[in-house]
Amino acid sequence: MLELRGKVAVVTGGAGGIGLAMGRAFAAEGMRVVLADVEEPALSKAAAELGALGVVADVTSEASMQALAQRAYDAYGAVHVLCNNAGVGPAAAPPIWEQEIGDWQWGLDVNVVGILHGLRAFLPRMIAAGEPGHVVNTASGNGGVAPIPSAAVYAVTKAAVVTLSECLYGQLGGTAIGVSVLFPGPHMLRTGIFTAERNRPERYARTTAGPAARTADEVAEAMRAHGLEPEFTPVEEVADQVVEGVRAGRFWILPPSERTDTMIRARAESMCARSAPTYLR
């Protein structure tokens, strides 16, 4: 069991949604918290609320993440829990062969390379310290369990997060650092990822206009219009799952869900039978 009180946690994507909820949960455990995000106004508000250190950082930049690590170590002398939580999902979801390269580059750079930058900035120091620690990488059931074909960029990147985390777990054997892969849910969440386009840098700009971003509530209304009643999981529940998972050293932070288990079995059975993935159609 990892003792959390008095330890230091760093959370990327920490200005709102799951990241801020994790920051609150860690602070409630008596941890010192560092929140990092690209949105300075929201970050300042969140950091002030928690009495946390807020650092503007861009996970797509290795230099920015190295600077974040330096700020954290300058302030507290150690980091024990690293939550690679920043994530984006392009609003446009055309067929793969029509998806713009900028969409792919943005999704991969934030969701996958952003985690690599976090690991490269923090893990060498965490390992060298020899103290118990933990890394949490935020994935998704979309991709991590089975993909939603209409959201290919997000699904592909989150599948990569799961495999990256599995490899990391294998490589950290013999150290004092644990690993978790987080599947927020089991239902939809009210987070800013639905409107992530607001933070899309110009270097990833689309060459043609994409659809307008919709909030989580607007997505829910669209689902209702098609006869589907959406369910939401409070972000506070996800944060509690993270705290419990880190403390217990649990790799899979995957909340119980009959639907999730059905998809896992369907995918495994399709692979074992070498049959077509009919669960995707």
# chains A, B, ... in the order shown; residues from 1 in each chain; ligands from 1
$ select_by_dssp --residues "segment 157-278 of chain A" --states "alpha helix (DSSP H)" --output "PyMOL selection string"
chain A and resi 157-171+216-225+235-248+258-272
$ write_last_selection --atoms "C-alpha atoms" --output "short mmCIF file (atom, residue, chain, number, x, y, z; two decimals), in the first residue's frame"
data_model
loop_
_atom_site.label_atom_id
_atom_site.label_comp_id
_atom_site.auth_asym_id
_atom_site.auth_seq_id
_atom_site.Cartn_x
_atom_site.Cartn_y
_atom_site.Cartn_z
CA THR A 157 -4.44 6.97 -29.48
CA LYS A 158 -6.14 5.52 -26.41
CA ALA A 159 -5.38 1.97 -27.55
CA ALA A 160 -1.75 3.09 -27.76
CA VAL A 161 -1.94 4.42 -24.19
CA VAL A 162 -2.96 0.98 -22.93
CA THR A 163 -0.11 -0.78 -24.73
CA LEU A 164 2.37 1.89 -23.65
CA SER A 165 1.25 1.40 -20.04
CA GLU A 166 1.59 -2.37 -20.28
CA CYS A 167 5.13 -2.01 -21.63
CA LEU A 168 5.94 0.51 -18.91
CA TYR A 169 4.66 -1.87 -16.23
CA GLY A 170 6.90 -4.60 -17.60
CA GLN A 171 9.95 -2.35 -17.75
CA ALA A 216 -21.16 16.87 -23.13
CA ASP A 217 -24.75 18.00 -22.55
CA GLU A 218 -25.21 18.74 -26.26
CA VAL A 219 -23.89 15.27 -27.09
CA ALA A 220 -26.37 13.85 -24.58
CA GLU A 221 -29.24 15.72 -26.24
CA ALA A 222 -28.22 14.34 -29.62
CA MET A 223 -28.26 10.84 -28.15
CA ARG A 224 -31.74 11.38 -26.75
CA ALA A 225 -32.90 12.54 -30.18
CA VAL A 235 -15.70 12.97 -12.28
CA GLU A 236 -15.40 12.78 -8.50
CA GLU A 237 -16.08 9.02 -8.69
CA VAL A 238 -13.29 8.65 -11.23
CA ALA A 239 -10.91 10.55 -8.97
CA ASP A 240 -11.80 8.31 -6.03
CA GLN A 241 -11.07 5.27 -8.22
CA VAL A 242 -7.65 6.74 -9.02
CA VAL A 243 -6.77 7.36 -5.37
CA GLU A 244 -7.83 3.84 -4.42
CA GLY A 245 -5.99 2.34 -7.40
CA VAL A 246 -2.75 4.21 -6.67
CA ARG A 247 -2.86 3.31 -3.00
CA ALA A 248 -3.46 -0.37 -3.79
CA GLU A 258 -21.37 -5.43 -17.67
CA ARG A 259 -21.18 -3.67 -21.04
CA THR A 260 -17.40 -3.28 -20.77
CA ASP A 261 -16.94 -6.92 -19.81
CA THR A 262 -19.13 -8.01 -22.73
CA MET A 263 -16.98 -6.01 -25.15
CA ILE A 264 -13.75 -7.41 -23.71
CA ARG A 265 -15.04 -10.96 -24.09
CA ALA A 266 -16.36 -10.32 -27.61
CA ARG A 267 -13.02 -8.96 -28.73
CA ALA A 268 -11.03 -11.78 -27.11
CA GLU A 269 -13.34 -14.42 -28.55
CA SER A 270 -13.08 -12.89 -32.03
CA MET A 271 -9.29 -13.02 -31.82
CA CYS A 272 -9.19 -16.58 -30.48
#
$ select_by_dssp --residues "segment 3-245 of chain A" --states "strand (DSSP E or B)" --output "PyMOL selection string"
chain A and resi 8-12+32-37+53-56+81-84+133-138+146+177-182+188+232
$ write_last_selection --atoms "N, CA and C atoms" --output "compact mmCIF listing (two decimals), in the first residue's frame"
# COMPACT_ATOMS: atom_id res chain seq x y z
N VAL A 8 3.89 14.01 -3.05
CA VAL A 8 3.68 15.02 -4.09
C VAL A 8 3.07 14.36 -5.33
N ALA A 9 1.98 14.95 -5.84
CA ALA A 9 1.33 14.45 -7.05
C ALA A 9 1.34 15.53 -8.13
N VAL A 10 1.65 15.13 -9.36
CA VAL A 10 1.60 16.01 -10.52
C VAL A 10 0.50 15.50 -11.44
N VAL A 11 -0.38 16.41 -11.88
CA VAL A 11 -1.50 16.05 -12.74
C VAL A 11 -1.50 16.95 -13.97
N THR A 12 -1.33 16.37 -15.16
CA THR A 12 -1.47 17.16 -16.38
C THR A 12 -2.93 17.19 -16.79
N ARG A 32 0.64 17.09 -1.50
CA ARG A 32 0.95 18.36 -2.14
C ARG A 32 0.77 18.15 -3.64
N VAL A 33 0.06 19.08 -4.28
CA VAL A 33 -0.40 18.87 -5.65
C VAL A 33 0.17 19.91 -6.59
N VAL A 34 0.61 19.43 -7.77
CA VAL A 34 1.02 20.30 -8.87
C VAL A 34 0.05 20.06 -10.02
N LEU A 35 -0.63 21.11 -10.45
CA LEU A 35 -1.54 21.03 -11.59
C LEU A 35 -0.88 21.67 -12.80
N ALA A 36 -0.96 21.00 -13.95
CA ALA A 36 -0.39 21.54 -15.18
C ALA A 36 -1.46 21.54 -16.26
N ASP A 37 -1.47 22.59 -17.08
CA ASP A 37 -2.46 22.69 -18.14
C ASP A 37 -2.02 23.79 -19.10
N LEU A 53 0.32 24.15 -6.62
CA LEU A 53 1.21 24.83 -7.55
C LEU A 53 0.65 24.64 -8.95
N GLY A 54 0.35 25.72 -9.64
CA GLY A 54 -0.15 25.64 -11.01
C GLY A 54 0.93 26.04 -11.99
N VAL A 55 1.18 25.19 -12.98
CA VAL A 55 2.23 25.44 -13.97
C VAL A 55 1.65 25.31 -15.36
N VAL A 56 1.75 26.37 -16.15
CA VAL A 56 1.31 26.30 -17.54
C VAL A 56 2.30 25.41 -18.29
N VAL A 81 3.72 10.75 -7.38
CA VAL A 81 2.63 10.29 -8.24
C VAL A 81 2.56 11.20 -9.46
N LEU A 82 2.64 10.60 -10.65
CA LEU A 82 2.55 11.33 -11.90
C LEU A 82 1.31 10.86 -12.65
N CYS A 83 0.39 11.79 -12.91
CA CYS A 83 -0.84 11.46 -13.65
C CYS A 83 -0.78 12.11 -15.02
N ASN A 84 -0.54 11.31 -16.05
CA ASN A 84 -0.52 11.79 -17.43
C ASN A 84 -1.97 11.76 -17.93
N GLY A 133 6.58 5.08 -5.66
CA GLY A 133 5.88 6.06 -6.48
C GLY A 133 4.91 5.37 -7.41
N HIS A 134 4.22 6.17 -8.23
CA HIS A 134 3.21 5.60 -9.11
C HIS A 134 2.98 6.52 -10.31
N VAL A 135 2.70 5.88 -11.45
CA VAL A 135 2.35 6.59 -12.68
C VAL A 135 0.94 6.17 -13.08
N VAL A 136 0.09 7.13 -13.41
CA VAL A 136 -1.26 6.86 -13.90
C VAL A 136 -1.39 7.46 -15.29
N ASN A 137 -1.69 6.62 -16.28
CA ASN A 137 -1.91 7.08 -17.65
C ASN A 137 -3.39 6.97 -17.98
N THR A 138 -4.00 8.07 -18.43
CA THR A 138 -5.43 8.07 -18.72
C THR A 138 -5.69 7.54 -20.12
N ALA A 146 -12.40 -1.50 -26.71
CA ALA A 146 -12.75 -1.74 -28.11
C ALA A 146 -13.05 -0.39 -28.73
N ILE A 177 8.41 1.88 -8.50
CA ILE A 177 7.38 2.66 -9.19
C ILE A 177 6.30 1.75 -9.75
N GLY A 178 5.05 2.00 -9.36
CA GLY A 178 3.92 1.26 -9.90
C GLY A 178 3.30 1.98 -11.09
N VAL A 179 2.43 1.28 -11.78
CA VAL A 179 1.78 1.83 -12.98
C VAL A 179 0.30 1.49 -12.95
N SER A 180 -0.53 2.43 -13.34
CA SER A 180 -1.96 2.19 -13.56
C SER A 180 -2.36 2.77 -14.91
N VAL A 181 -3.31 2.10 -15.55
CA VAL A 181 -3.94 2.66 -16.74
C VAL A 181 -5.40 2.91 -16.37
N LEU A 182 -5.83 4.16 -16.55
CA LEU A 182 -7.15 4.59 -16.10
C LEU A 182 -8.15 4.60 -17.24
N MET A 188 -20.45 8.13 -19.64
CA MET A 188 -19.94 9.41 -20.14
C MET A 188 -19.56 10.31 -18.98
N PHE A 232 -24.26 9.39 -17.04
CA PHE A 232 -23.03 10.10 -16.72
C PHE A 232 -22.42 9.57 -15.42
$ atom_distance --atom1 "atom CA of Ala86 of chain A" --atom2 "atom CA of Tyr204 of chain A"
16.7 Å
$ residues_around --residues "Ala92 of chain A" --least-positions-apart "6" --cutoff "8 Å" --atoms "only C-alpha atoms" --output "PyMOL selection string"
chain A and resi 99+210-211
$ closest_atom_pairs --of "segment 56-88 of chain A" --to "segment 112-120 of chain A" --cutoff "10 Å" --atoms "only C-alpha atoms" --output "CSV"
residue,atom,partner,partner_atom,distance
A:Asp58,CA,A:Gly114,CA,8.2
A:Val59,CA,A:Gly114,CA,4.5
A:Thr60,CA,A:Gly114,CA,5.1
A:Ser61,CA,A:His117,CA,7.3
A:Glu62,CA,A:His117,CA,5.3
A:Ala63,CA,A:His117,CA,8.7
A:Ser64,CA,A:His117,CA,9.0
A:Met65,CA,A:Gly118,CA,6.2
A:Gln66,CA,A:His117,CA,7.9
A:Leu68,CA,A:Gly118,CA,9.1
A:Ala69,CA,A:Gly118,CA,8.5
A:Leu82,CA,A:Gly118,CA,8.1
A:Cys83,CA,A:Gly118,CA,8.8
A:Asn84,CA,A:Ile115,CA,5.7
A:Asn85,CA,A:Ile115,CA,8.2
A:Ala86,CA,A:Gly114,CA,7.7
A:Gly87,CA,A:Gly114,CA,8.6
$ closest_residue --among "A:Gly16, A:Pro256, A:Pro41, A:Pro132" --to "Ala196 of chain A" --atoms "only C-alpha atoms"
A:Gly16
$ closest_residue --among "A:Ala28, A:Leu254, A:Ile18, A:Leu2" --to "Val145 of chain A" --atoms "only C-alpha atoms"
A:Leu254
$ closest_residue --among "A:Gly141, A:Pro234, A:Gly14, A:Gly89" --to "Ala46 of chain A" --atoms "only C-alpha atoms"
A:Gly14
$ closest_residue --among "A:Ala151, A:Pro184, A:Glu40, A:Ala139" --to "Met22 of chain A" --atoms "only C-alpha atoms"
A:Pro184
$ closest_residue --among "A:Val110, A:Glu98, A:Ala176, A:Ala205" --to "Ala152 of chain A" --atoms "only C-alpha atoms"
A:Glu98
$ closest_residue --among "A:Thr207, A:Ser275, A:Asn199, A:Ser150" --to "Trp106 of chain A" --atoms "only C-alpha atoms"
A:Asn199
$ decode --residues "segment 111-210 of chain A" --atoms "C-alpha atoms" --output "short mmCIF file (atom, residue, chain, number, x, y, z; two decimals), in the first residue's frame"
data_model
loop_
_atom_site.label_atom_id
_atom_site.label_comp_id
_atom_site.auth_asym_id
_atom_site.auth_seq_id
_atom_site.Cartn_x
_atom_site.Cartn_y
_atom_site.Cartn_z
CA ASN A 111 -2.58 11.66 -26.17
CA VAL A 112 0.50 9.52 -26.80
CA VAL A 113 3.65 11.62 -27.25
CA GLY A 114 2.45 13.84 -24.40
CA ILE A 115 2.64 10.83 -22.08
CA LEU A 116 6.12 10.00 -23.35
CA HIS A 117 7.21 13.56 -22.60
CA GLY A 118 5.81 13.22 -19.08
CA LEU A 119 7.61 9.93 -18.50
CA ARG A 120 10.91 11.26 -19.86
CA ALA A 121 10.67 14.38 -17.68
CA PHE A 122 9.75 12.71 -14.39
CA LEU A 123 10.55 8.99 -14.33
CA PRO A 124 14.37 9.17 -14.26
CA ARG A 125 14.22 11.30 -11.10
CA MET A 126 11.46 9.21 -9.53
CA ILE A 127 13.43 6.00 -10.09
CA ALA A 128 16.71 7.53 -8.90
CA ALA A 129 15.06 8.68 -5.65
CA GLY A 130 14.35 5.05 -4.76
CA GLU A 131 11.09 5.99 -3.06
CA PRO A 132 7.75 4.27 -3.72
CA GLY A 133 5.88 6.06 -6.48
CA HIS A 134 3.21 5.60 -9.11
CA VAL A 135 2.35 6.59 -12.68
CA VAL A 136 -1.26 6.86 -13.90
CA ASN A 137 -1.91 7.08 -17.65
CA THR A 138 -5.43 8.07 -18.72
CA ALA A 139 -6.81 5.83 -21.46
CA SER A 140 -10.44 5.20 -22.45
CA GLY A 141 -12.81 2.34 -23.07
CA ASN A 142 -12.98 3.77 -26.59
CA GLY A 143 -9.84 2.18 -27.95
CA GLY A 144 -8.55 0.73 -24.74
CA VAL A 145 -11.33 -1.87 -24.58
CA ALA A 146 -12.75 -1.74 -28.11
CA PRO A 147 -12.88 1.13 -30.58
CA ILE A 148 -15.82 3.27 -31.58
CA PRO A 149 -15.16 3.18 -35.35
CA SER A 150 -16.53 6.69 -35.93
CA ALA A 151 -13.93 8.19 -33.55
CA ALA A 152 -10.81 6.65 -35.05
CA VAL A 153 -8.22 9.24 -33.95
CA TYR A 154 -9.25 9.08 -30.32
CA ALA A 155 -9.65 5.31 -30.32
CA VAL A 156 -6.25 4.69 -31.92
CA THR A 157 -4.44 6.97 -29.48
CA LYS A 158 -6.14 5.52 -26.41
CA ALA A 159 -5.38 1.97 -27.55
CA ALA A 160 -1.75 3.09 -27.76
CA VAL A 161 -1.94 4.42 -24.19
CA VAL A 162 -2.96 0.98 -22.93
CA THR A 163 -0.11 -0.78 -24.73
CA LEU A 164 2.37 1.89 -23.65
CA SER A 165 1.25 1.40 -20.04
CA GLU A 166 1.59 -2.37 -20.28
CA CYS A 167 5.13 -2.01 -21.63
CA LEU A 168 5.94 0.51 -18.91
CA TYR A 169 4.66 -1.87 -16.23
CA GLY A 170 6.90 -4.60 -17.60
CA GLN A 171 9.95 -2.35 -17.75
CA LEU A 172 9.51 -0.95 -14.23
CA GLY A 173 9.71 -4.37 -12.60
CA GLY A 174 12.37 -4.26 -9.93
CA THR A 175 11.80 -0.56 -9.20
CA ALA A 176 9.62 1.04 -6.55
CA ILE A 177 7.38 2.66 -9.19
CA GLY A 178 3.92 1.26 -9.90
CA VAL A 179 1.78 1.83 -12.98
CA SER A 180 -1.96 2.19 -13.56
CA VAL A 181 -3.94 2.66 -16.74
CA LEU A 182 -7.15 4.59 -16.10
CA PHE A 183 -10.42 3.98 -17.94
CA PRO A 184 -12.69 6.84 -16.78
CA GLY A 185 -16.29 5.79 -16.47
CA PRO A 186 -18.04 3.46 -16.89
CA HIS A 187 -20.39 6.06 -18.38
CA MET A 188 -19.94 9.41 -20.14
CA LEU A 189 -18.28 12.22 -18.25
CA ARG A 190 -18.90 15.94 -18.25
CA THR A 191 -15.40 17.12 -19.15
CA GLY A 192 -13.85 19.68 -21.46
CA ILE A 193 -12.63 17.03 -23.91
CA PHE A 194 -15.81 17.45 -25.93
CA THR A 195 -14.76 21.04 -26.69
CA ALA A 196 -11.01 20.41 -26.89
CA GLU A 197 -10.88 22.23 -30.24
CA ARG A 198 -10.72 25.47 -28.25
CA ASN A 199 -7.08 24.66 -27.43
CA ARG A 200 -6.04 23.35 -30.84
CA PRO A 201 -2.74 25.00 -31.89
CA GLU A 202 -2.47 26.56 -35.31
CA ARG A 203 0.20 24.05 -36.36
CA TYR A 204 -2.49 21.35 -36.31
CA ALA A 205 -5.14 23.45 -38.04
CA ARG A 206 -7.56 21.80 -40.45
CA THR A 207 -7.46 22.80 -44.11
CA THR A 208 -11.26 22.67 -44.25
CA ALA A 209 -13.82 23.63 -41.63
CA GLY A 210 -14.88 20.82 -39.37
#
